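Data from entry-v1.pdb: PDB, C-alpha atoms
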```
ATOM      1  CA  MET O   1      40.440   3.359 217.587
ATOM      2  CA  LYS O   2      41.943   4.747 220.783
ATOM      3  CA  ARG O   3      38.447   5.466 222.086
ATOM      4  CA  LEU O   4      37.400   1.822 221.596
ATOM      5  CA  THR O   5      40.637   0.538 223.118
ATOM      6  CA  ASP O   6      40.155   2.819 226.119
ATOM      7  CA  ARG O   7      36.540   1.659 226.415
ATOM      8  CA  LEU O   8      37.645  -1.981 226.585
ATOM      9  CA  LEU O   9      40.453  -1.342 229.045
ATOM     10  CA  ALA O  10      38.147   0.655 231.325
ATOM     11  CA  LYS O  11      36.033  -2.471 231.829
ATOM     12  CA  SER O  12      36.277  -4.821 234.789
ATOM     13  CA  TRP O  13      36.776  -8.567 234.658
ATOM     14  CA  SER O  14      33.726 -10.852 234.875
ATOM     15  CA  ASN O  15      33.578 -14.567 235.601
ATOM     16  CA  LEU O  16      33.256 -16.380 232.266
ATOM     17  CA  ALA O  17      31.504 -19.507 233.571
ATOM     18  CA  ASP O  18      28.928 -17.533 235.559
ATOM     19  CA  ASP O  19      28.031 -15.185 232.710
ATOM     20  CA  ILE O  20      27.781 -17.980 230.127
ATOM     21  CA  GLN O  21      25.347 -19.835 232.417
ATOM     22  CA  ARG O  22      23.213 -16.696 232.831
ATOM     23  CA  SER O  23      23.476 -15.724 229.140
ATOM     24  CA  ALA O  24      24.743 -12.342 230.311
ATOM     25  CA  ILE O  25      27.181 -11.896 227.433
ATOM     26  CA  VAL O  26      26.360  -9.663 224.479
ATOM     27  CA  THR O  27      25.416 -11.044 221.078
ATOM     28  CA  PHE O  28      27.023  -8.280 219.035
ATOM     29  CA  PRO O  29      30.362  -8.374 217.221
ATOM     30  CA  GLY O  30      33.311  -7.103 219.184
ATOM     31  CA  VAL O  31      36.592  -7.773 220.911
ATOM     32  CA  TYR O  32      37.142  -9.688 224.134
ATOM     33  CA  VAL O  33      40.052 -10.407 226.437
ATOM     34  CA  LEU O  34      40.481 -13.459 228.640
ATOM     35  CA  ALA O  35      42.395 -13.958 231.881
ATOM     36  CA  TYR O  36      43.032 -17.156 233.854
ATOM     37  CA  SER O  37      43.735 -16.784 237.541
ATOM     38  CA  GLY O  38      43.438 -18.362 240.951
ATOM     39  CA  ASN O  39      42.636 -14.901 242.298
ATOM     40  CA  ASN O  40      39.126 -13.543 242.015
ATOM     41  CA  LEU O  41      39.443 -10.876 239.332
ATOM     42  CA  CYS O  42      35.691 -10.119 239.214
ATOM     43  CA  GLY O  43      35.070  -6.411 239.364
ATOM     44  CA  LYS O  44      38.764  -5.544 239.063
ATOM     45  CA  ARG O  45      39.940  -3.346 236.225
ATOM     46  CA  ILE O  46      41.860  -5.025 233.475
ATOM     47  CA  ASP O  47      45.577  -5.314 234.059
ATOM     48  CA  LEU O  48      47.306  -6.056 230.762
ATOM     49  CA  ARG O  49      49.652  -8.482 232.549
ATOM     50  CA  ASP O  50      46.622 -10.715 233.224
ATOM     51  CA  VAL O  51      45.533 -10.938 229.581
ATOM     52  CA  LEU O  52      45.892 -14.517 228.366
ATOM     53  CA  TYR O  53      44.092 -14.020 225.047
ATOM     54  CA  VAL O  54      42.693 -11.277 222.846
ATOM     55  CA  GLY O  55      39.937 -12.346 220.456
ATOM     56  CA  MET O  56      37.301 -10.901 218.187
ATOM     57  CA  THR O  57      34.222 -11.893 216.287
ATOM     58  CA  ASN O  58      32.088 -10.534 213.489
ATOM     59  CA  ALA O  59      29.752 -13.535 213.526
ATOM     60  CA  ARG O  60      25.975 -13.286 213.966
ATOM     61  CA  GLY O  61      26.116 -14.887 217.411
ATOM     62  CA  GLY O  62      28.536 -12.218 218.553
ATOM     63  CA  ILE O  63      30.794 -12.339 221.551
ATOM     64  CA  ARG O  64      28.543 -14.760 223.471
ATOM     65  CA  GLN O  65      28.817 -17.385 220.725
ATOM     66  CA  ARG O  66      32.582 -16.974 220.465
ATOM     67  CA  LEU O  67      33.088 -17.326 224.219
ATOM     68  CA  LYS O  68      30.883 -20.431 224.230
ATOM     69  CA  GLN O  69      33.155 -21.818 221.530
ATOM     70  CA  PHE O  70      36.165 -21.074 223.742
ATOM     71  CA  VAL O  71      34.539 -23.031 226.579
ATOM     72  CA  CYS O  72      33.939 -25.937 224.170
ATOM     73  CA  GLY O  73      37.605 -25.733 223.277
ATOM     74  CA  ILE O  74      38.827 -26.018 226.871
ATOM     75  CA  GLU O  75      36.316 -28.793 227.611
ATOM     76  CA  LYS O  76      36.180 -30.838 224.380
ATOM     77  CA  ASN O  77      39.117 -29.666 222.252
ATOM     78  CA  THR O  78      36.754 -28.230 219.606
ATOM     79  CA  SER O  79      35.483 -24.981 218.120
ATOM     80  CA  HIS O  80      38.101 -22.384 219.123
ATOM     81  CA  SER O  81      41.834 -22.417 218.372
ATOM     82  CA  ALA O  82      42.865 -20.775 221.653
ATOM     83  CA  GLY O  83      40.545 -23.082 223.601
ATOM     84  CA  ARG O  84      42.045 -26.104 221.861
ATOM     85  CA  ARG O  85      45.546 -24.794 222.543
ATOM     86  CA  PHE O  86      44.700 -24.413 226.238
ATOM     87  CA  PHE O  87      43.164 -27.917 226.300
ATOM     88  CA  THR O  88      46.333 -29.429 224.857
ATOM     89  CA  GLU O  89      49.071 -27.312 226.423
ATOM     90  CA  ASN O  90      47.636 -26.308 229.798
ATOM     91  CA  SER O  91      45.188 -29.099 230.660
ATOM     92  CA  ASN O  92      47.165 -32.030 229.235
ATOM     93  CA  ALA O  93      44.231 -32.991 226.990
ATOM     94  CA  THR O  94      41.865 -33.139 229.973
ATOM     95  CA  PRO O  95      38.612 -31.163 230.074
ATOM     96  CA  HIS O  96      39.192 -28.033 232.146
ATOM     97  CA  SER O  97      36.295 -28.920 234.464
ATOM     98  CA  LEU O  98      38.109 -32.148 235.409
ATOM     99  CA  VAL O  99      41.565 -30.672 235.961
ATOM    100  CA  GLY O 100      40.894 -29.863 239.603
ATOM    101  CA  THR O 101      42.264 -26.357 239.722
ATOM    102  CA  ARG O 102      40.914 -23.374 241.595
ATOM    103  CA  LYS O 103      41.860 -21.137 238.688
ATOM    104  CA  LYS O 104      39.015 -19.615 236.689
ATOM    105  CA  PHE O 105      38.577 -17.798 233.424
ATOM    106  CA  PHE O 106      37.594 -14.153 233.406
ATOM    107  CA  TYR O 107      36.636 -11.981 230.464
ATOM    108  CA  ALA O 108      35.896  -8.435 229.466
ATOM    109  CA  CYS O 109      34.564  -7.257 226.135
ATOM    110  CA  VAL O 110      33.511  -4.307 224.074
ATOM    111  CA  GLU O 111      30.758  -4.740 221.519
ATOM    112  CA  ILE O 112      30.284  -2.815 218.312
ATOM    113  CA  HIS O 113      26.661  -2.618 217.238
ATOM    114  CA  CYS O 114      26.267  -3.432 213.569
ATOM    115  CA  ASN O 115      24.280  -5.694 211.269
ATOM    116  CA  VAL O 116      26.441  -8.580 210.041
ATOM    117  CA  ASN O 117      23.757 -10.279 207.920
ATOM    118  CA  LYS O 118      25.063 -10.224 204.357
ATOM    119  CA  SER O 119      21.683  -9.489 202.793
ATOM    120  CA  GLN O 120      20.944  -6.594 205.148
ATOM    121  CA  ARG O 121      24.204  -4.929 206.068
ATOM    122  CA  LYS O 122      25.109  -1.483 204.829
ATOM    123  CA  ALA O 123      28.453   0.094 204.019
ATOM    124  CA  SER O 124      28.507   1.566 207.545
ATOM    125  CA  ASP O 125      28.096  -1.951 209.003
ATOM    126  CA  LEU O 126      31.058  -3.192 206.969
ATOM    127  CA  ARG O 127      33.170  -0.308 208.269
ATOM    128  CA  LYS O 128      32.204  -1.200 211.836
ATOM    129  CA  MET O 129      33.127  -4.842 211.182
ATOM    130  CA  GLY O 130      36.513  -3.596 209.997
ATOM    131  CA  ASP O 131      36.801  -1.601 213.222
ATOM    132  CA  VAL O 132      36.337  -4.848 215.167
ATOM    133  CA  ALA O 133      39.306  -6.449 213.393
ATOM    134  CA  LYS O 134      41.411  -3.327 213.801
ATOM    135  CA  LEU O 135      40.546  -3.115 217.502
ATOM    136  CA  GLU O 136      41.747  -6.679 218.079
ATOM    137  CA  TYR O 137      45.149  -5.855 216.617
ATOM    138  CA  SER O 138      45.299  -2.547 218.490
ATOM    139  CA  VAL O 139      44.742  -4.350 221.794
ATOM    140  CA  LEU O 140      47.311  -7.016 220.894
ATOM    141  CA  ALA O 141      49.828  -4.291 220.055
ATOM    142  CA  LEU O 142      49.111  -2.503 223.329
ATOM    143  CA  VAL O 143      49.678  -5.696 225.330
ATOM    144  CA  LYS O 144      52.951  -6.317 223.502
ATOM    145  CA  GLU O 145      54.033  -2.729 224.047
ATOM    146  CA  LYS O 146      53.168  -2.600 227.767
ATOM    147  CA  VAL O 147      53.950  -6.192 228.828
ATOM    148  CA  GLY O 148      56.739  -6.975 226.372
ATOM    149  CA  ARG O 149      55.061 -10.002 224.794
ATOM    150  CA  GLU O 150      51.828 -11.057 223.149
ATOM    151  CA  PRO O 151      49.294 -12.956 225.269
ATOM    152  CA  ASP O 152      50.196 -16.636 225.623
ATOM    153  CA  LEU O 153      47.161 -18.033 223.813
ATOM    154  CA  ASN O 154      47.610 -15.625 220.895
ATOM    155  CA  LEU O 155      50.976 -17.197 220.100
ATOM    156  CA  LYS O 156      50.492 -19.952 217.556
TER     157      LYS O 156
END
```
As structure tokens - that is how I would like this structure written.
Amino acid sequence: MKRLTDRLLAKSWSNLADDIQRSAIVTFPGVYVLAYSGNNLCGKRIDLRDVLYVGMTNARGGIRQRLKQFVCGIEKNTSHSAGRRFFTENSNATPHSLVGTRKKFFYACVEIHCNVNKSQRKASDLRKMGDVAKLEYSVLALVKEKVGREPDLNLK
């Protein structure tokens, strides 16, 4: 698990809106972290103090689908619990695109290649899907350990 955690934390931030528009986000299961900043974090290594949310997915659409759901949450108050929480608590029930802030969302992710289709997956795929869930909690624990609190949007 440490290897996967290190792999995620060695990544650099990317602009969420830009990569969603270009469909540059992977379609495999995995774990992702989100940051929200007025500073341009693109290309900068992850600093755990910037992590606003840690999420995971084992769905067929992978990380791309889950991040699209987050964007729907911050724009329409649908699809993603952390996105809905941001919509309500940070945007005062206003779509993020209409808030008029210079702050942007950034993300980084690590994918785990496996087959999630129930009729086709093997025991090894199920183990990898379990690794995804374990990785999410490992990253959450690391943030809590290093920063002293869980990411804001992970608090329910």
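Of the listed residues O:Cys42, O:Val139, O:Val26, O:Leu8, the one whose atoms come nearest to O:Phe106 is O:Cys42, with distances taken using only C-alpha atoms.
Each of O:Asp47, O:Asp19, O:Asp131, O:Asp6 was compared to O:Arg64 using all atoms listed in the file, and O:Asp19 turns out to be the nearest.
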Pull out every residue that the PyMOL selection byres ((chain O and resi 110-118) around 10) matches in the shown coordinates and put them as an NGL selection string. :O and (4-11 or 25-33 or 56-63 or 108-109 or 119-122 or 124-129 or 131-132 or 135)
Written as a PyMOL selection string, what is the full residue list that the PyMOL selection byres ((chain O and resi 13) around 9) yields on the file shown? chain O and resi 11-12+14-16+34-35+41-46+106-109
Of the residues O:His80, O:Tyr137, O:Asn92, O:Leu67, which is the one nearest to O:Gln21, using all atoms listed in the file? O:Leu67
Step by step, work through what the PyMOL selection byres ((chain O and resi 37) around 9) selects in the shown file, and finish by giving those residues as a ChimeraX atom specification. /O:35-36,38-41,50,102-106
Within-12 Å shell of (48.2, -8.9, 219.4) in input frame, all atoms listed in the file, as a ChimeraX atom specification: /O:31,33,48,51-56,133-156
For stretch 44-48 of chain O, what centre and edge lengths in Å (one decimal) does the axis-aligned box get once 6 Å is added on each side of all its listed atoms, as AutoDock Vina command-line options?
```
--center_x 43.0 --center_y -4.7 --center_z 234.9 --size_x 20.5 --size_y 14.7 --size_z 20.3
```
Pick from O:Thr88, O:Met1, O:Val71, O:Ser81 nearest to O:Asp18, counting all atoms listed in the file: O:Val71
Atom CA of O:Ala24 to atom CA of O:Thr94, straight-line distance in Å: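 We find that atom CA of O:Thr94 and atom CA of O:Ala24 lie 26.9 Å from each other.
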Please provide as JSON, numbers by chain all residues within 7 Å of O:His96, with the sequence filter that same-chain residues fewer than 5 positions apart are discarded (counting only C-alpha atoms). {"O": [74, 75, 91]}
Counting all atoms listed in the file, which residue out of O:Lys2, O:Lys68, O:Arg49, O:Lys76 sits closest to O:Ser23?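 Of O:Lys2, O:Lys68, O:Arg49, O:Lys76, the one nearest O:Ser23 is O:Lys68, counting all atoms listed in the file.
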In terms of the shortest atom-to-atom distance over all atoms listed in the file, which of O:Arg22, O:Asn77, O:Gln65, O:Phe70 is closest to O:Glu89?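 Ranking O:Arg22, O:Asn77, O:Gln65, O:Phe70 by distance to O:Glu89, first place goes to O:Asn77.
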